[in-house]
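Asker: Input file: coords_11.txt. Contents: compact mmCIF, N, CA, C and O atoms.
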```txt
# COMPACT_ATOMS: atom_id res chain seq x y z
N MET A 1 -3.01 -6.13 26.56
CA MET A 1 -2.45 -7.23 25.84
C MET A 1 -3.05 -8.54 26.32
O MET A 1 -3.16 -9.46 25.54
N ILE A 2 -3.38 -8.60 27.59
CA ILE A 2 -4.04 -9.80 28.09
C ILE A 2 -5.49 -9.76 27.63
O ILE A 2 -6.19 -8.78 27.81
N GLY A 3 -5.93 -10.83 27.01
CA GLY A 3 -7.29 -10.88 26.50
C GLY A 3 -7.45 -10.27 25.12
O GLY A 3 -8.57 -10.12 24.64
N MET A 4 -6.35 -9.93 24.47
CA MET A 4 -6.42 -9.34 23.13
C MET A 4 -6.58 -10.46 22.10
O MET A 4 -5.96 -11.51 22.22
N ASP A 5 -7.42 -10.21 21.12
CA ASP A 5 -7.58 -11.13 20.01
C ASP A 5 -6.29 -11.24 19.21
O ASP A 5 -5.53 -10.29 19.12
N PHE A 6 -6.06 -12.40 18.60
CA PHE A 6 -4.89 -12.54 17.72
C PHE A 6 -5.00 -11.61 16.53
O PHE A 6 -4.00 -11.01 16.11
N LEU A 7 -6.19 -11.49 15.96
CA LEU A 7 -6.37 -10.61 14.81
C LEU A 7 -6.15 -9.14 15.18
O LEU A 7 -5.62 -8.37 14.38
N ALA A 8 -6.51 -8.75 16.40
CA ALA A 8 -6.26 -7.38 16.84
C ALA A 8 -4.76 -7.13 16.96
O ALA A 8 -4.26 -6.09 16.53
N ALA A 9 -4.03 -8.08 17.54
CA ALA A 9 -2.57 -7.92 17.66
C ALA A 9 -1.91 -7.91 16.29
O ALA A 9 -0.99 -7.12 16.05
N LEU A 10 -2.38 -8.74 15.39
CA LEU A 10 -1.85 -8.77 14.03
C LEU A 10 -2.15 -7.47 13.30
O LEU A 10 -1.28 -6.92 12.59
N PHE A 11 -3.34 -6.94 13.47
CA PHE A 11 -3.71 -5.69 12.83
C PHE A 11 -2.89 -4.53 13.38
O PHE A 11 -2.47 -3.64 12.63
N LEU A 12 -2.62 -4.52 14.69
CA LEU A 12 -1.75 -3.50 15.27
C LEU A 12 -0.34 -3.62 14.71
O LEU A 12 0.33 -2.61 14.46
N PHE A 13 0.13 -4.85 14.48
CA PHE A 13 1.45 -5.05 13.88
C PHE A 13 1.49 -4.52 12.45
O PHE A 13 2.46 -3.89 12.05
N ILE A 14 0.44 -4.76 11.69
CA ILE A 14 0.37 -4.26 10.31
C ILE A 14 0.37 -2.74 10.30
O ILE A 14 1.08 -2.11 9.50
N ILE A 15 -0.40 -2.13 11.19
CA ILE A 15 -0.41 -0.66 11.30
C ILE A 15 0.98 -0.17 11.65
O ILE A 15 1.48 0.81 11.07
N SER A 16 1.65 -0.83 12.58
CA SER A 16 2.98 -0.43 13.00
C SER A 16 3.99 -0.53 11.86
O SER A 16 4.82 0.36 11.68
N VAL A 17 3.92 -1.59 11.08
CA VAL A 17 4.85 -1.74 9.95
C VAL A 17 4.61 -0.66 8.91
O VAL A 17 5.57 -0.05 8.40
N ILE A 18 3.36 -0.37 8.59
CA ILE A 18 3.06 0.66 7.59
C ILE A 18 3.52 2.03 8.07
O ILE A 18 4.16 2.78 7.31
N VAL A 19 3.23 2.38 9.31
CA VAL A 19 3.66 3.68 9.84
C VAL A 19 5.19 3.75 9.91
O VAL A 19 5.78 4.77 9.57
N SER A 20 5.84 2.65 10.28
CA SER A 20 7.30 2.63 10.35
C SER A 20 7.93 2.79 8.98
O SER A 20 8.93 3.50 8.84
N VAL A 21 7.38 2.15 7.97
CA VAL A 21 7.91 2.30 6.61
C VAL A 21 7.78 3.74 6.14
O VAL A 21 8.72 4.32 5.57
N ILE A 22 6.64 4.34 6.40
CA ILE A 22 6.43 5.74 6.00
C ILE A 22 7.40 6.65 6.72
O ILE A 22 8.04 7.52 6.10
N MET A 23 7.57 6.46 8.01
CA MET A 23 8.43 7.37 8.77
C MET A 23 9.91 7.09 8.53
O MET A 23 10.71 8.01 8.50
N PHE A 24 10.30 5.83 8.36
CA PHE A 24 11.71 5.48 8.21
C PHE A 24 12.23 5.82 6.82
O PHE A 24 13.30 6.40 6.68
N PHE A 25 11.48 5.45 5.80
CA PHE A 25 11.98 5.60 4.44
C PHE A 25 11.53 6.89 3.76
O PHE A 25 12.30 7.50 3.02
N LEU A 26 10.31 7.31 3.97
CA LEU A 26 9.81 8.50 3.28
C LEU A 26 10.12 9.79 4.03
O LEU A 26 10.56 10.77 3.43
N LEU A 27 9.89 9.82 5.33
CA LEU A 27 10.09 11.04 6.11
C LEU A 27 11.47 11.12 6.76
O LEU A 27 11.81 12.14 7.34
N LYS A 28 12.25 10.03 6.69
CA LYS A 28 13.61 9.96 7.26
C LYS A 28 13.62 10.21 8.77
O LYS A 28 14.54 10.80 9.30
N ILE A 29 12.57 9.79 9.45
CA ILE A 29 12.50 9.87 10.92
C ILE A 29 12.90 8.49 11.43
O ILE A 29 12.17 7.53 11.27
N LYS A 30 14.09 8.43 12.04
CA LYS A 30 14.66 7.14 12.42
C LYS A 30 14.96 7.11 13.91
O LYS A 30 15.36 8.10 14.50
N ILE A 31 14.81 5.93 14.51
CA ILE A 31 15.19 5.72 15.89
C ILE A 31 16.64 5.22 15.93
O ILE A 31 17.40 5.57 16.81
N GLY A 32 17.02 4.41 14.99
CA GLY A 32 18.38 3.88 14.92
C GLY A 32 18.82 3.76 13.48
O GLY A 32 18.12 4.20 12.56
N LYS A 33 19.99 3.16 13.27
CA LYS A 33 20.52 3.01 11.93
C LYS A 33 20.27 1.61 11.41
O LYS A 33 20.30 0.64 12.15
N GLY A 34 20.01 1.50 10.11
CA GLY A 34 19.92 0.20 9.45
C GLY A 34 18.70 -0.60 9.82
O GLY A 34 17.66 -0.06 10.23
N ILE A 35 18.84 -1.91 9.67
CA ILE A 35 17.72 -2.82 9.89
C ILE A 35 17.35 -2.89 11.37
O ILE A 35 16.18 -3.05 11.72
N ILE A 36 18.34 -2.74 12.26
CA ILE A 36 18.06 -2.76 13.69
C ILE A 36 17.20 -1.56 14.08
O ILE A 36 16.27 -1.68 14.89
N GLY A 37 17.48 -0.41 13.49
CA GLY A 37 16.67 0.78 13.74
C GLY A 37 15.25 0.61 13.25
O GLY A 37 14.30 1.06 13.89
N PHE A 38 15.10 -0.05 12.09
CA PHE A 38 13.76 -0.28 11.56
C PHE A 38 12.98 -1.25 12.44
O PHE A 38 11.80 -1.04 12.71
N ILE A 39 13.65 -2.30 12.91
CA ILE A 39 12.98 -3.26 13.79
C ILE A 39 12.58 -2.58 15.10
O ILE A 39 11.47 -2.81 15.62
N ALA A 40 13.46 -1.75 15.63
CA ALA A 40 13.12 -1.00 16.85
C ALA A 40 11.93 -0.08 16.60
O ALA A 40 11.06 0.07 17.46
N GLU A 41 11.89 0.53 15.42
CA GLU A 41 10.79 1.42 15.10
C GLU A 41 9.46 0.66 14.99
O GLU A 41 8.42 1.16 15.42
N VAL A 42 9.51 -0.55 14.45
CA VAL A 42 8.29 -1.37 14.37
C VAL A 42 7.82 -1.75 15.77
O VAL A 42 6.61 -1.69 16.07
N CYS A 43 8.75 -2.13 16.65
CA CYS A 43 8.37 -2.49 18.02
C CYS A 43 7.78 -1.31 18.78
O CYS A 43 6.75 -1.43 19.44
N VAL A 44 8.44 -0.16 18.68
CA VAL A 44 7.93 1.04 19.33
C VAL A 44 6.60 1.45 18.73
O VAL A 44 5.67 1.85 19.43
N GLY A 45 6.48 1.32 17.41
CA GLY A 45 5.22 1.64 16.73
C GLY A 45 4.08 0.73 17.17
O GLY A 45 2.95 1.18 17.31
N TRP A 46 4.38 -0.56 17.41
CA TRP A 46 3.32 -1.46 17.87
C TRP A 46 2.85 -1.05 19.26
O TRP A 46 1.66 -1.03 19.53
N PHE A 47 3.80 -0.71 20.13
CA PHE A 47 3.43 -0.29 21.48
C PHE A 47 2.62 1.01 21.43
O PHE A 47 1.64 1.17 22.16
N GLY A 48 3.02 1.94 20.56
CA GLY A 48 2.27 3.19 20.40
C GLY A 48 0.88 2.94 19.84
O GLY A 48 -0.09 3.58 20.26
N ALA A 49 0.77 2.02 18.89
CA ALA A 49 -0.54 1.68 18.34
C ALA A 49 -1.42 1.04 19.41
O ALA A 49 -2.63 1.32 19.49
N TRP A 50 -0.83 0.20 20.23
CA TRP A 50 -1.59 -0.41 21.32
C TRP A 50 -2.07 0.65 22.31
O TRP A 50 -3.21 0.62 22.76
N LEU A 51 -1.18 1.59 22.67
CA LEU A 51 -1.59 2.67 23.58
C LEU A 51 -2.71 3.51 22.97
O LEU A 51 -3.67 3.87 23.66
N GLY A 52 -2.59 3.84 21.70
CA GLY A 52 -3.63 4.61 21.04
C GLY A 52 -4.95 3.86 20.99
O GLY A 52 -6.03 4.44 21.16
N TRP A 53 -4.87 2.56 20.79
CA TRP A 53 -6.08 1.74 20.72
C TRP A 53 -6.73 1.63 22.10
O TRP A 53 -7.95 1.66 22.23
N ILE A 54 -5.93 1.54 23.16
CA ILE A 54 -6.46 1.42 24.51
C ILE A 54 -7.03 2.74 25.02
O ILE A 54 -8.08 2.79 25.64
N LEU A 55 -6.32 3.85 24.76
CA LEU A 55 -6.70 5.13 25.36
C LEU A 55 -7.83 5.85 24.64
O LEU A 55 -8.54 6.64 25.26
N GLU A 56 -7.98 5.63 23.38
CA GLU A 56 -9.01 6.34 22.60
C GLU A 56 -9.96 5.35 21.94
O GLU A 56 -9.54 4.30 21.48
N HIS A 57 -11.22 5.73 21.87
CA HIS A 57 -12.24 4.89 21.23
C HIS A 57 -13.12 5.76 20.35
O HIS A 57 -14.15 6.24 20.80
N TRP A 58 -12.69 5.97 19.11
CA TRP A 58 -13.50 6.77 18.21
C TRP A 58 -13.20 6.42 16.76
O TRP A 58 -12.17 5.90 16.43
N TRP A 59 -14.13 6.67 15.94
CA TRP A 59 -14.16 6.51 14.48
C TRP A 59 -14.18 5.06 14.05
O TRP A 59 -14.98 4.28 14.54
N ILE A 60 -13.33 4.69 13.15
CA ILE A 60 -13.42 3.41 12.45
C ILE A 60 -12.89 2.27 13.33
O ILE A 60 -11.82 2.37 13.90
N LYS A 61 -13.66 1.19 13.39
CA LYS A 61 -13.28 0.03 14.21
C LYS A 61 -13.22 -1.20 13.31
O LYS A 61 -14.14 -1.47 12.55
N LEU A 62 -12.10 -1.93 13.39
CA LEU A 62 -11.93 -3.15 12.61
C LEU A 62 -11.23 -4.17 13.50
O LEU A 62 -10.15 -3.90 14.03
N TRP A 63 -11.82 -5.34 13.66
CA TRP A 63 -11.31 -6.40 14.55
C TRP A 63 -11.04 -5.87 15.95
O TRP A 63 -10.00 -6.14 16.55
N ASP A 64 -11.97 -5.09 16.45
CA ASP A 64 -11.90 -4.52 17.80
C ASP A 64 -10.75 -3.53 17.96
O ASP A 64 -10.34 -3.23 19.06
N VAL A 65 -10.21 -3.03 16.85
CA VAL A 65 -9.13 -2.03 16.89
C VAL A 65 -9.66 -0.74 16.28
O VAL A 65 -10.18 -0.74 15.16
N TYR A 66 -9.53 0.34 17.02
CA TYR A 66 -9.88 1.65 16.48
C TYR A 66 -8.69 2.15 15.68
O TYR A 66 -7.61 2.40 16.23
N ILE A 67 -8.87 2.27 14.37
CA ILE A 67 -7.76 2.46 13.44
C ILE A 67 -7.08 3.82 13.58
O ILE A 67 -5.85 3.89 13.68
N ILE A 68 -7.84 4.90 13.60
CA ILE A 68 -7.25 6.24 13.63
C ILE A 68 -6.43 6.47 14.90
O ILE A 68 -5.28 6.93 14.82
N PRO A 69 -6.94 6.16 16.10
CA PRO A 69 -6.10 6.33 17.29
C PRO A 69 -4.86 5.44 17.28
O PRO A 69 -3.80 5.84 17.78
N ALA A 70 -4.96 4.24 16.69
CA ALA A 70 -3.79 3.36 16.63
C ALA A 70 -2.72 3.95 15.71
O ALA A 70 -1.53 3.92 16.05
N ILE A 71 -3.12 4.52 14.58
CA ILE A 71 -2.15 5.14 13.67
C ILE A 71 -1.51 6.36 14.32
O ILE A 71 -0.29 6.54 14.28
N LEU A 72 -2.33 7.19 14.95
CA LEU A 72 -1.80 8.38 15.61
C LEU A 72 -0.88 8.02 16.79
O LEU A 72 0.17 8.66 16.99
N GLY A 73 -1.25 7.01 17.56
CA GLY A 73 -0.41 6.59 18.67
C GLY A 73 0.92 6.01 18.20
O GLY A 73 1.97 6.30 18.78
N SER A 74 0.90 5.23 17.14
CA SER A 74 2.12 4.66 16.59
C SER A 74 3.06 5.75 16.08
O SER A 74 4.25 5.78 16.42
N ALA A 75 2.52 6.66 15.28
CA ALA A 75 3.35 7.74 14.72
C ALA A 75 3.88 8.67 15.80
O ALA A 75 5.04 9.08 15.76
N SER A 76 3.05 8.98 16.78
CA SER A 76 3.49 9.93 17.81
C SER A 76 4.56 9.33 18.71
O SER A 76 5.51 10.03 19.08
N LEU A 77 4.46 8.06 19.06
CA LEU A 77 5.49 7.47 19.92
C LEU A 77 6.81 7.33 19.17
O LEU A 77 7.88 7.56 19.75
N ILE A 78 6.77 6.99 17.89
CA ILE A 78 7.99 6.95 17.09
C ILE A 78 8.62 8.33 17.01
O ILE A 78 9.83 8.49 17.17
N LEU A 79 7.81 9.35 16.80
CA LEU A 79 8.32 10.71 16.71
C LEU A 79 8.91 11.18 18.04
O LEU A 79 9.97 11.82 18.07
N VAL A 80 8.26 10.86 19.14
CA VAL A 80 8.77 11.26 20.46
C VAL A 80 10.12 10.60 20.73
O VAL A 80 11.07 11.26 21.19
N LEU A 81 10.26 9.31 20.42
CA LEU A 81 11.54 8.64 20.65
C LEU A 81 12.62 9.15 19.70
O LEU A 81 13.79 9.18 20.06
N HIS A 82 12.23 9.54 18.49
CA HIS A 82 13.20 10.12 17.56
C HIS A 82 13.73 11.45 18.09
O HIS A 82 14.91 11.75 17.97
N VAL A 83 12.86 12.25 18.69
CA VAL A 83 13.29 13.54 19.23
C VAL A 83 14.12 13.36 20.50
O VAL A 83 15.14 14.02 20.69
N LEU A 84 13.72 12.44 21.38
CA LEU A 84 14.44 12.24 22.64
C LEU A 84 15.78 11.54 22.44
O LEU A 84 16.76 11.85 23.12
N PHE A 85 15.83 10.57 21.53
CA PHE A 85 17.03 9.79 21.28
C PHE A 85 17.35 9.79 19.79
O PHE A 85 17.10 8.80 19.10
N PRO A 86 17.93 10.86 19.28
CA PRO A 86 18.24 10.91 17.84
C PRO A 86 19.30 9.89 17.48
O PRO A 86 20.19 9.59 18.29
N PRO A 87 19.23 9.32 16.27
CA PRO A 87 20.23 8.35 15.86
C PRO A 87 21.58 9.02 15.64
O PRO A 87 21.64 10.20 15.33
N PRO A 88 22.67 8.27 15.81
CA PRO A 88 23.98 8.87 15.56
C PRO A 88 24.15 9.22 14.09
O PRO A 88 23.57 8.58 13.21
N LYS A 89 24.94 10.23 13.82
CA LYS A 89 25.19 10.66 12.44
C LYS A 89 25.99 9.58 11.71
O LYS A 89 26.85 8.94 12.26
N GLU A 90 25.69 9.43 10.43
CA GLU A 90 26.36 8.40 9.62
C GLU A 90 27.66 8.90 9.06
O GLU A 90 27.96 9.99 8.90
```
Is it possible to give me this structure as structure tokens?
Answerer:
Amino acid sequence: MIGMDFLAALFLFIISVIVSVIMFFLLKIKIGKGIIGFIAEVCVGWFGAWLGWILEHWWIKLWDVYIIPAILGSASLILVLHVLFPPPKE
């Protein structure tokens, strides 16, 4: 995060929002309930995208962000937190 371009951080945020929308609304994989759960999912997704971007360097690169590892990291961290901490039943 230190020394990261603003465009790289913004692009990671966009990836996180897209992955969170897909997982929250389409696949019904949720970390929490309501808008707070969605915001938490975006935050966790951004951190997962950052980890994927830092740990892997392959395929498509845009604004110094490797897109495929960022998407996979975002989705996998959201899924891991969903499994470890399932949301309460409605």
Asker: Between A:Ile54, A:Ile22, A:Lys28, A:Ile15, which has the minimum distance to Ser74 of chain A (counting only N, CA, C and O atoms)?
Answerer: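 Ranking A:Ile54, A:Ile22, A:Lys28, A:Ile15 by distance to Ser74 of chain A, first place goes to A:Ile15.
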Asker: Which residue gives the smallest distance to His82 of chain A among A:Phe24, A:Tyr66, A:Phe13, A:Trp46, with only C-alpha atoms counted?
Answerer: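 Between A:Phe24, A:Tyr66, A:Phe13, A:Trp46, the residue approaching His82 of chain A most closely is A:Phe24.
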Asker: Work out how far apart atom C of Ile67 of chain A and atom C of Ser20 of chain A are and give it in Å to one decimal.
Answerer: 15.7 Å
Asker: I'd like the neighbourhood of Ile78 of chain A as a PyMOL selection string, where a residue qualifies if any of its atoms comes within 8 Å (using only N, CA, C and O atoms), though same-chain residues fewer than 2 positions away should be ignored.
Answerer: chain A and resi 29-31+40-41+44-46+48-49+71-76+80-85
Asker: Have a look at atom N of Gly52 of chain A and atom CA of Pro88 of chain A and let me know their distance in Å, one decimal.
Answerer: 27.7 Å
Asker: Could the centre and edge lengths of an axis-aligned box, enclosing all atoms of segment 68-81 of chain A in the file with 3 Å extra on each side, be given in Å to one decimal as AutoDock Vina command-line options?
Answerer:
```
--center_x 3.0 --center_y 7.6 --center_z 17.4 --size_x 27.6 --size_y 14.5 --size_z 13.6
```
Asker: Would you list, as a list in words, the residues of chain A that end up in strand (DSSP E) under DSSP run on this structure's backbone?
Answerer: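 The strand (DSSP E) subset of chain A is Lys61, Leu62, Val65 and Tyr66 of chain A.
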Asker: By how many Å are atom N of Asp64 of chain A and atom N of Leu26 of chain A apart?
Answerer: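 Between these atoms lies a distance of 28.4 Å.
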Asker: Could you go through chain A and tell me which residues DSSP, when run on the backbone, assigns to helix (DSSP H, G or I), listing them as a PyMOL selection string?
Answerer: chain A and resi 6-26+34-55+67-84
Asker: Hey, which of A:Glu56, A:Trp50, A:Cys43, A:Ile36 ends up closest to Val17 of chain A? Count only N, CA, C and O atoms.
Answerer: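 Among A:Glu56, A:Trp50, A:Cys43, A:Ile36, it is A:Cys43 that comes nearest to Val17 of chain A.
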Asker: Each residue of segment 42-83 of chain A lying at most 7 Å from segment 7-11 of chain A should get a row with its shortest atom-to-atom pair and the distance in Å to one decimal, counting all atoms listed in the file; could you produce that, ordered by chain and increasing number, as JSON lines?
Answerer:
```
{"residue": "A:Leu62", "atom": "O", "partner": "A:Ala8", "partner_atom": "CA", "distance": 5.9}
{"residue": "A:Trp63", "atom": "O", "partner": "A:Ala8", "partner_atom": "CA", "distance": 4.0}
{"residue": "A:Asp64", "atom": "C", "partner": "A:Ala8", "partner_atom": "CA", "distance": 6.0}
{"residue": "A:Val65", "atom": "N", "partner": "A:Ala8", "partner_atom": "CA", "distance": 5.9}
```
Asker: Which one is closest to Pro86 of chain A: A:Trp53, A:Val42, A:Trp58, A:Gly32? Count only N, CA, C and O atoms.
Answerer: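 Smallest distance to Pro86 of chain A is found for A:Gly32.
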